[in-house]
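**Student:** Input structure: structure35.pdb, which contains PDB, C-alpha atoms, pLDDT in the B column.
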```pdb
ATOM      1  CA  MET P1015      47.888  13.252 -79.792  1.00 97.00           C
ATOM      2  CA  PHE P1016      49.759  11.048 -77.335  1.00 98.00           C
ATOM      3  CA  ASP P1017      49.552  10.802 -73.561  1.00 97.00           C
ATOM      4  CA  VAL P1018      52.886  10.501 -71.737  1.00 96.00           C
ATOM      5  CA  GLY P1019      52.920   8.116 -68.748  1.00 95.00           C
ATOM      6  CA  GLU P1020      52.449   4.452 -69.711  1.00 97.00           C
ATOM      7  CA  THR P1021      51.847   5.515 -73.301  1.00 97.00           C
ATOM      8  CA  LEU P1022      55.217   6.828 -74.466  1.00 97.00           C
ATOM      9  CA  VAL P1023      57.022   6.497 -71.137  1.00 97.00           C
ATOM     10  CA  ASP P1024      57.462   3.430 -68.928  1.00 97.00           C
ATOM     11  CA  GLU P1025      57.179   4.867 -65.426  1.00 95.00           C
ATOM     12  CA  SER P1026      58.497   1.760 -63.622  1.00 95.00           C
ATOM     13  CA  ARG P1027      61.820   3.328 -62.631  1.00 95.00           C
ATOM     14  CA  MET P1028      60.179   6.503 -61.324  1.00 93.00           C
ATOM     15  CA  TRP P1029      57.630   4.582 -59.256  1.00 94.00           C
ATOM     16  CA  ALA P1030      60.411   2.364 -57.876  1.00 95.00           C
ATOM     17  CA  GLU P1031      62.344   5.445 -56.795  1.00 94.00           C
ATOM     18  CA  GLN P1032      59.269   6.815 -55.043  1.00 94.00           C
ATOM     19  CA  ALA P1033      58.720   3.485 -53.314  1.00 96.00           C
ATOM     20  CA  HIS P1034      62.265   3.371 -51.970  1.00 95.00           C
ATOM     21  CA  ALA P1035      62.041   6.997 -50.842  1.00 94.00           C
ATOM     22  CA  ALA P1036      58.842   6.113 -48.949  1.00 95.00           C
ATOM     23  CA  GLY P1037      60.451   3.101 -47.286  1.00 96.00           C
ATOM     24  CA  ALA P1038      58.365   0.589 -49.246  1.00 97.00           C
ATOM     25  CA  THR P1039      59.221  -1.976 -51.870  1.00 97.00           C
ATOM     26  CA  PRO P1040      58.165  -1.339 -55.488  1.00 97.00           C
ATOM     27  CA  PHE P1041      56.049  -4.515 -55.328  1.00 97.00           C
ATOM     28  CA  THR P1042      54.133  -3.176 -52.319  1.00 98.00           C
ATOM     29  CA  LEU P1043      53.604   0.247 -53.857  1.00 97.00           C
ATOM     30  CA  MET P1044      52.389  -1.072 -57.198  1.00 97.00           C
ATOM     31  CA  GLY P1045      50.185  -3.682 -55.543  1.00 97.00           C
ATOM     32  CA  LEU P1046      48.455  -0.948 -53.562  1.00 98.00           C
ATOM     33  CA  ILE P1047      48.103   1.261 -56.635  1.00 97.00           C
ATOM     34  CA  GLY P1048      46.556  -1.656 -58.515  1.00 97.00           C
ATOM     35  CA  ALA P1049      43.981  -2.040 -55.753  1.00 97.00           C
ATOM     36  CA  LEU P1050      43.186   1.683 -55.903  1.00 97.00           C
ATOM     37  CA  ILE P1051      42.775   1.536 -59.680  1.00 97.00           C
ATOM     38  CA  GLU P1052      40.398  -1.395 -59.360  1.00 96.00           C
ATOM     39  CA  ARG P1053      38.324   0.572 -56.815  1.00 96.00           C
ATOM     40  CA  ASP P1054      38.383   3.757 -58.949  1.00 95.00           C
ATOM     41  CA  GLU P1055      40.157   5.656 -56.188  1.00 96.00           C
ATOM     42  CA  PRO P1056      42.901   8.232 -56.869  1.00 94.00           C
ATOM     43  CA  HIS P1057      46.331   6.645 -56.956  1.00 95.00           C
ATOM     44  CA  HIS P1058      47.861   9.368 -54.775  1.00 94.00           C
ATOM     45  CA  ALA P1059      45.844   7.903 -51.872  1.00 97.00           C
ATOM     46  CA  VAL P1060      48.610   5.275 -51.721  1.00 97.00           C
ATOM     47  CA  TRP P1061      50.692   7.612 -49.553  1.00 97.00           C
ATOM     48  CA  ASP P1062      47.895   7.789 -46.978  1.00 97.00           C
ATOM     49  CA  ILE P1063      47.716   3.998 -46.942  1.00 97.00           C
ATOM     50  CA  LEU P1064      51.464   3.807 -46.383  1.00 97.00           C
ATOM     51  CA  GLY P1065      51.240   6.546 -43.762  1.00 97.00           C
ATOM     52  CA  VAL P1066      53.889   8.759 -45.350  1.00 96.00           C
ATOM     53  CA  ALA P1067      54.041  12.072 -47.159  1.00 95.00           C
ATOM     54  CA  ARG P1068      54.449  11.807 -50.895  1.00 91.00           C
ATOM     55  CA  PRO P1069      58.197  11.547 -51.523  1.00 91.00           C
ATOM     56  CA  THR P1070      59.911  14.383 -53.323  1.00 83.00           C
ATOM     57  CA  VAL P1071      61.948  12.798 -56.105  1.00 74.00           C
ATOM     58  CA  GLY P1072      63.078  14.011 -59.495  1.00 69.00           C
ATOM     59  CA  THR P1073      60.761  13.889 -62.506  1.00 72.00           C
ATOM     60  CA  GLU P1074      63.465  13.446 -65.139  1.00 88.00           C
ATOM     61  CA  ILE P1075      62.461  11.265 -68.084  1.00 93.00           C
ATOM     62  CA  ARG P1076      65.436   9.364 -69.483  1.00 94.00           C
ATOM     63  CA  SER P1077      65.845   7.724 -72.862  1.00 95.00           C
ATOM     64  CA  SER P1078      65.889   4.353 -71.072  1.00 96.00           C
ATOM     65  CA  ASP P1079      62.381   5.101 -69.731  1.00 96.00           C
ATOM     66  CA  LEU P1080      60.817   5.261 -73.203  1.00 97.00           C
ATOM     67  CA  TYR P1081      58.834   2.324 -74.485  1.00 97.00           C
ATOM     68  CA  PRO P1082      60.695   0.785 -77.449  1.00 97.00           C
ATOM     69  CA  ASP P1083      57.819   1.478 -79.838  1.00 97.00           C
ATOM     70  CA  ALA P1084      57.356   5.157 -78.895  1.00 97.00           C
ATOM     71  CA  PHE P1085      59.585   6.831 -81.503  1.00 95.00           C
ATOM     72  CA  ASP P1086      58.512   4.513 -84.305  1.00 96.00           C
ATOM     73  CA  CYS P1087      54.827   5.183 -83.738  1.00 97.00           C
ATOM     74  CA  LEU P1088      55.262   8.957 -83.816  1.00 96.00           C
ATOM     75  CA  ARG P1089      57.383   8.655 -86.964  1.00 94.00           C
ATOM     76  CA  ALA P1090      54.677   6.501 -88.568  1.00 95.00           C
ATOM     77  CA  ALA P1091      52.024   9.099 -87.719  1.00 95.00           C
ATOM     78  CA  LYS P1092      54.160  11.897 -89.169  1.00 94.00           C
ATOM     79  CA  GLY P1093      54.959   9.747 -92.174  1.00 93.00           C
ATOM     80  CA  VAL P1094      51.324   9.587 -93.257  1.00 93.00           C
ATOM     81  CA  GLY P1095      50.845  13.318 -92.819  1.00 93.00           C
ATOM     82  CA  PHE P1096      49.345  13.587 -89.356  1.00 95.00           C
ATOM     83  CA  LYS P1097      50.135  16.534 -87.143  1.00 95.00           C
ATOM     84  CA  VAL P1098      51.609  14.967 -83.978  1.00 97.00           C
ATOM     85  CA  GLY P1099      51.365  16.252 -80.420  1.00 96.00           C
ATOM     86  CA  ILE P1100      52.232  15.031 -76.939  1.00 97.00           C
ATOM     87  CA  ALA P1101      50.224  16.188 -73.931  1.00 95.00           C
ATOM     88  CA  GLY P1102      49.583  14.597 -70.542  1.00 94.00           C
ATOM     89  CA  ASN P1103      49.261  15.242 -66.831  1.00 94.00           C
ATOM     90  CA  GLN P1104      52.905  16.013 -66.198  1.00 92.00           C
ATOM     91  CA  PRO P1105      55.082  18.684 -64.584  1.00 88.00           C
ATOM     92  CA  SER P1106      56.653  21.323 -66.817  1.00 84.00           C
ATOM     93  CA  ALA P1107      60.008  19.550 -66.645  1.00 87.00           C
ATOM     94  CA  ALA P1108      58.536  16.547 -68.464  1.00 88.00           C
ATOM     95  CA  SER P1109      57.966  18.576 -71.624  1.00 87.00           C
ATOM     96  CA  LYS P1110      61.582  19.728 -71.635  1.00 89.00           C
ATOM     97  CA  CYS P1111      62.779  16.156 -71.135  1.00 91.00           C
ATOM     98  CA  LEU P1112      60.669  14.833 -74.001  1.00 91.00           C
ATOM     99  CA  ARG P1113      61.868  17.562 -76.348  1.00 89.00           C
ATOM    100  CA  SER P1114      65.490  16.864 -75.414  1.00 91.00           C
ATOM    101  CA  LEU P1115      65.044  13.163 -76.186  1.00 93.00           C
ATOM    102  CA  GLY P1116      64.358  14.016 -79.807  1.00 88.00           C
ATOM    103  CA  PHE P1117      60.650  13.427 -80.299  1.00 86.00           C
ATOM    104  CA  ASP P1118      59.643  14.815 -83.687  1.00 80.00           C
ATOM    105  CA  ALA P1119      56.334  16.291 -82.520  1.00 93.00           C
ATOM    106  CA  ASP P1120      54.593  19.430 -83.692  1.00 94.00           C
ATOM    107  CA  PHE P1121      54.115  20.377 -80.070  1.00 91.00           C
ATOM    108  CA  VAL P1122      54.757  19.004 -76.594  1.00 94.00           C
ATOM    109  CA  ALA P1123      52.780  20.283 -73.608  1.00 92.00           C
ATOM    110  CA  SER P1124      51.945  19.371 -70.036  1.00 92.00           C
ATOM    111  CA  SER P1125      49.094  19.988 -67.653  1.00 94.00           C
ATOM    112  CA  MET P1126      51.383  22.108 -65.482  1.00 92.00           C
ATOM    113  CA  GLU P1127      52.237  24.384 -68.414  1.00 92.00           C
ATOM    114  CA  TRP P1128      48.603  24.692 -69.443  1.00 94.00           C
ATOM    115  CA  GLY P1129      47.291  25.149 -65.908  1.00 94.00           C
ATOM    116  CA  VAL P1130      44.596  22.537 -66.511  1.00 95.00           C
ATOM    117  CA  ALA P1131      44.706  18.756 -66.096  1.00 95.00           C
ATOM    118  CA  LYS P1132      42.859  15.719 -67.361  1.00 97.00           C
ATOM    119  CA  PRO P1133      40.056  14.774 -67.154  1.00 96.00           C
ATOM    120  CA  SER P1134      38.986  18.436 -67.280  1.00 96.00           C
ATOM    121  CA  VAL P1135      37.152  19.599 -70.393  1.00 96.00           C
ATOM    122  CA  GLY P1136      39.624  22.486 -70.464  1.00 96.00           C
ATOM    123  CA  PHE P1137      42.521  20.117 -71.132  1.00 97.00           C
ATOM    124  CA  PHE P1138      40.912  18.614 -74.217  1.00 97.00           C
ATOM    125  CA  SER P1139      39.786  22.045 -75.348  1.00 97.00           C
ATOM    126  CA  ARG P1140      43.446  23.137 -75.304  1.00 96.00           C
ATOM    127  CA  ILE P1141      44.390  20.094 -77.392  1.00 96.00           C
ATOM    128  CA  VAL P1142      41.840  21.030 -80.032  1.00 96.00           C
ATOM    129  CA  GLY P1143      42.959  24.654 -79.913  1.00 95.00           C
ATOM    130  CA  VAL P1144      46.646  23.952 -80.483  1.00 94.00           C
ATOM    131  CA  SER P1145      45.837  21.312 -83.114  1.00 94.00           C
ATOM    132  CA  ARG P1146      43.728  23.799 -85.086  1.00 94.00           C
ATOM    133  CA  VAL P1147      41.367  21.103 -86.306  1.00 95.00           C
ATOM    134  CA  ALA P1148      37.872  19.985 -85.358  1.00 97.00           C
ATOM    135  CA  PRO P1149      37.582  17.676 -82.287  1.00 97.00           C
ATOM    136  CA  GLY P1150      36.619  14.729 -84.478  1.00 97.00           C
ATOM    137  CA  GLU P1151      39.891  15.053 -86.398  1.00 97.00           C
ATOM    138  CA  VAL P1152      41.983  14.434 -83.259  1.00 97.00           C
ATOM    139  CA  LEU P1153      42.931  10.921 -82.127  1.00 98.00           C
ATOM    140  CA  TYR P1154      43.912  10.876 -78.453  1.00 98.00           C
ATOM    141  CA  VAL P1155      46.053   7.871 -77.508  1.00 98.00           C
ATOM    142  CA  GLY P1156      46.152   6.955 -73.821  1.00 98.00           C
ATOM    143  CA  ASP P1157      46.109   4.130 -71.306  1.00 98.00           C
ATOM    144  CA  ARG P1158      43.267   5.214 -69.021  1.00 97.00           C
ATOM    145  CA  LEU P1159      39.507   5.302 -69.383  1.00 98.00           C
ATOM    146  CA  ASP P1160      38.933   7.891 -66.637  1.00 97.00           C
ATOM    147  CA  ASN P1161      41.616  10.398 -67.628  1.00 96.00           C
ATOM    148  CA  ASP P1162      41.978   9.772 -71.343  1.00 98.00           C
ATOM    149  CA  ILE P1163      39.380   7.848 -73.303  1.00 98.00           C
ATOM    150  CA  LEU P1164      36.056   8.810 -71.728  1.00 98.00           C
ATOM    151  CA  PRO P1165      36.627  12.571 -71.277  1.00 98.00           C
ATOM    152  CA  ALA P1166      38.253  12.833 -74.713  1.00 98.00           C
ATOM    153  CA  ALA P1167      35.329  11.011 -76.322  1.00 98.00           C
ATOM    154  CA  ASP P1168      32.842  13.187 -74.441  1.00 97.00           C
ATOM    155  CA  PHE P1169      34.556  16.236 -75.955  1.00 97.00           C
ATOM    156  CA  GLY P1170      34.224  14.768 -79.425  1.00 98.00           C
ATOM    157  CA  LEU P1171      37.752  13.454 -79.979  1.00 98.00           C
ATOM    158  CA  ARG P1172      38.513  10.066 -81.491  1.00 98.00           C
ATOM    159  CA  THR P1173      40.331   7.771 -79.064  1.00 98.00           C
ATOM    160  CA  ALA P1174      42.734   4.834 -78.910  1.00 98.00           C
ATOM    161  CA  LEU P1175      42.991   2.841 -75.666  1.00 98.00           C
ATOM    162  CA  LEU P1176      46.467   1.409 -75.152  1.00 98.00           C
ATOM    163  CA  ARG P1177      46.450  -1.823 -73.148  1.00 98.00           C
ATOM    164  CA  ARG P1178      49.628  -1.507 -71.096  1.00 97.00           C
ATOM    165  CA  GLY P1179      50.648  -0.265 -67.687  1.00 96.00           C
ATOM    166  CA  PRO P1180      48.428  -0.948 -64.658  1.00 96.00           C
ATOM    167  CA  TRP P1181      45.582   1.339 -65.750  1.00 97.00           C
ATOM    168  CA  GLY P1182      45.608   0.064 -69.318  1.00 97.00           C
ATOM    169  CA  GLN P1183      45.517  -3.578 -68.277  1.00 97.00           C
ATOM    170  CA  ILE P1184      42.675  -3.078 -65.796  1.00 97.00           C
ATOM    171  CA  HIS P1185      40.631  -0.554 -67.764  1.00 97.00           C
ATOM    172  CA  SER P1186      40.782  -2.567 -70.978  1.00 97.00           C
ATOM    173  CA  GLN P1187      38.730  -5.272 -69.239  1.00 96.00           C
ATOM    174  CA  ARG P1188      35.844  -2.903 -68.528  1.00 97.00           C
ATOM    175  CA  ALA P1189      32.691  -2.507 -70.572  1.00 97.00           C
ATOM    176  CA  ASP P1190      33.396   1.204 -71.100  1.00 96.00           C
ATOM    177  CA  SER P1191      36.536   0.310 -73.042  1.00 97.00           C
ATOM    178  CA  SER P1192      34.195  -0.308 -75.996  1.00 97.00           C
ATOM    179  CA  ARG P1193      33.785   3.476 -76.244  1.00 97.00           C
ATOM    180  CA  ALA P1194      37.325   3.749 -77.582  1.00 98.00           C
ATOM    181  CA  ASP P1195      37.483   3.961 -81.359  1.00 98.00           C
ATOM    182  CA  LEU P1196      40.563   1.740 -81.283  1.00 97.00           C
ATOM    183  CA  ARG P1197      41.925  -0.705 -78.716  1.00 97.00           C
ATOM    184  CA  VAL P1198      45.569  -1.673 -79.161  1.00 98.00           C
ATOM    185  CA  GLY P1199      48.126  -3.679 -77.225  1.00 97.00           C
ATOM    186  CA  SER P1200      51.122  -1.605 -78.288  1.00 98.00           C
ATOM    187  CA  LEU P1201      52.126   1.485 -80.197  1.00 98.00           C
ATOM    188  CA  SER P1202      53.651  -0.848 -82.785  1.00 98.00           C
ATOM    189  CA  GLU P1203      50.137  -2.068 -83.524  1.00 97.00           C
ATOM    190  CA  LEU P1204      48.961   1.517 -83.930  1.00 97.00           C
ATOM    191  CA  ALA P1205      51.939   2.341 -86.162  1.00 97.00           C
ATOM    192  CA  SER P1206      50.989  -0.585 -88.409  1.00 96.00           C
ATOM    193  CA  MET P1207      47.485   0.856 -88.739  1.00 95.00           C
ATOM    194  CA  PHE P1208      48.961   4.201 -89.797  1.00 93.00           C
ATOM    195  CA  ARG P1209      51.137   2.506 -92.424  1.00 89.00           C
ATOM    196  CA  VAL P1210      48.220   0.516 -93.793  1.00 86.00           C
ATOM    197  CA  ARG P1211      46.348   3.823 -94.101  1.00 67.00           C
ATOM    198  CA  SER P1212      49.226   5.285 -96.110  1.00 60.00           C
ATOM    199  CA  THR P1213      49.162   2.426 -98.615  1.00 62.00           C
ATOM    200  CA  GLY P1214      45.392   2.488 -98.944  1.00 59.00           C
ATOM    201  CA  ALA P1215      45.157  -1.201 -97.999  1.00 52.00           C
ATOM    202  CA  SER P1216      41.976  -2.393 -96.308  1.00 47.00           C
TER     203      SER P1216
END
```
Would you mind writing the structure in this file as structure tokens?
**Tutor:**
Amino acid sequence: MFDVGETLVDESRMWAEQAHAAGATPFTLMGLIGALIERDEPHHAVWDILGVARPTVGTEIRSSDLYPDAFDCLRAAKGVGFKVGIAGNQPSAASKCLRSLGFDADFVASSMEWGVAKPSVGFFSRIVGVSRVAPGEVLYVGDRLDNDILPAADFGLRTALLRRGPWGQIHSQRADSSRADLRVGSLSELASMFRVRSTGAS
């Protein structure tokens, strides 16, 4: 099971568009968000700091927004017989975009469609429900401790912490990152683990 933002999708372009719409530079916006992440404060507080309402911009995910290793990792997971899903805190339109980009997933869902968002227990309960397996048979791959790794682990899922994006870089330095079953620097690294599993190599 894969998260969306900063796991499969590089959100740099979308954040840059929000920055420009708010009258700020992308560097300023991301610097402030980094400070909020470090202080464990919600990132949407950045608009209060800037003194503006959150800009209304499109949520379209384009093929150019995908991390280069996204498709290959999902193919590797499918190739060794895993059921593959995508689910994150996203608007409904994100699911449609991901499907249209050609992801070969057994299901794609969003918090908006489910009516429940991470880190709620209900979100991870839905993942287990649609997967039709026991919690311990699900590997949730994400970039955040607070939204992904810790609540998923608390619900009994296996977890993989991806060290990229602002949350992934900061959270991977924390002691709690040791709670992840796997810690990887890219989805290519995870794909290699899947392929090793398929060959039975140690």
**Student:** Distance cut-off 7 Å, centre (43.5, 14.0, -67.0) in file coordinates, counting all atoms listed in the file: which residues qualify? Return them as a list of chain:residue names.
**Tutor:**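 Output: P:Asn1103, P:Ala1131, P:Lys1132, P:Pro1133, P:Ser1134, P:Asn1161, P:Asp1162.
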**Student:** Give me, as a list in words, all polymer residues having an atom no more than 9 Å from Arg1076 of chain P, counting all atoms listed in the file and skipping those fewer than 2 positions away in the same chain.
**Tutor:**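 Close residues of Arg1076 of chain P: Glu1074, Ser1078, Asp1079, Leu1080, Cys1111, Leu1112 and Leu1115 of chain P.
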**Student:** Between P:Ala1205, P:Ala1038, P:Val1142, P:Ala1067, which has the minimum distance to Lys1092 of chain P (counting all atoms listed in the file)?
**Tutor:**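 Closest candidate: P:Ala1205.
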**Student:** Work out how far atom CA of Pro1056 of chain P is from atom CA of Ser1145 of chain P, in Å to one decimal.
**Tutor:**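 Taking atom CA of Ser1145 of chain P and atom CA of Pro1056 of chain P, their separation equals 29.5 Å.
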**Student:** Excluding segment 1020-1034 of chain P and residues on its chain fewer than 4 positions from it, collect all residues at most 9 Å away from it, counting all atoms listed in the file, and give them as a ChimeraX atom specification.
**Tutor:** /P:1016,1038-1044,1068-1075,1078-1085,1155-1157,1176,1178-1182,1200-1201
**Student:** Axis-aligned box over every listed atom of segment 1156-1174 of chain P, padded by 8 Å per side: centre and edges in Å to one decimal, as AutoDock Vina command-line options?
**Tutor:**
```
--center_x 39.5 --center_y 10.2 --center_z -74.1 --size_x 29.3 --size_y 28.1 --size_z 30.9
```
**Student:** So how far away is atom CA of Arg1140 of chain P from atom CA of Val1152 of chain P, in Å?
**Tutor:** 11.9 Å
**Student:** Between atom CA of Val1198 of chain P and atom CA of Ala1174 of chain P, measure the distance and give it in Å to one decimal.
**Tutor:**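 These two atoms are separated by 7.1 Å.
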**Student:** Given the file above and the PyMOL selection byres ((chain P and resi 1139) around 12), which residues are selected, and can you give them as a list in words?
**Tutor:** Trp1128, Val1130, Ala1131, Lys1132, Pro1133, Ser1134, Val1135, Gly1136, Phe1137, Phe1138, Arg1140, Ile1141, Val1142, Gly1143, Val1144, Ser1145, Arg1146, Val1147, Ala1148, Pro1149, Val1152, Pro1165, Ala1166, Ala1167, Asp1168, Phe1169, Gly1170 and Leu1171 of chain P
**Student:** Using all atoms listed in the file, find the one residue out of P:Gly1037, P:Gly1019, P:Gly1150, P:Gly1093 that sits nearest to Phe1208 of chain P.
**Tutor:** P:Gly1093
**Student:** Given all atoms listed in the file as the basis, pick out the residue of P:Asp1195, P:Asp1190, P:Asp1160, P:Glu1203 nearest to Thr1173 of chain P.
**Tutor:**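 So, comparing all the options, the nearest one is P:Asp1195.
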**Student:** Quick one: of P:Ala1049, P:Ala1189, P:Val1018, P:Leu1196, who's nearest to Ala1108 of chain P, counting all atoms listed in the file?
**Tutor:** P:Val1018
**Student:** Select, from P:Leu1153, P:Leu1159, P:Val1098, P:Leu1164, the residue with the minimum atom-to-atom distance to Gln1183 of chain P, counting all atoms listed in the file.
**Tutor:**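 Among the listed residues, P:Leu1159 lies closest to Gln1183 of chain P.
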**Student:** Check the smallest atom-to-atom distance from each of P:Ala1123, P:Met1207, P:Ser1202, P:Ala1194 to Asp1017 of chain P using all atoms listed in the file, then report the winner.
**Tutor:** P:Ala1123
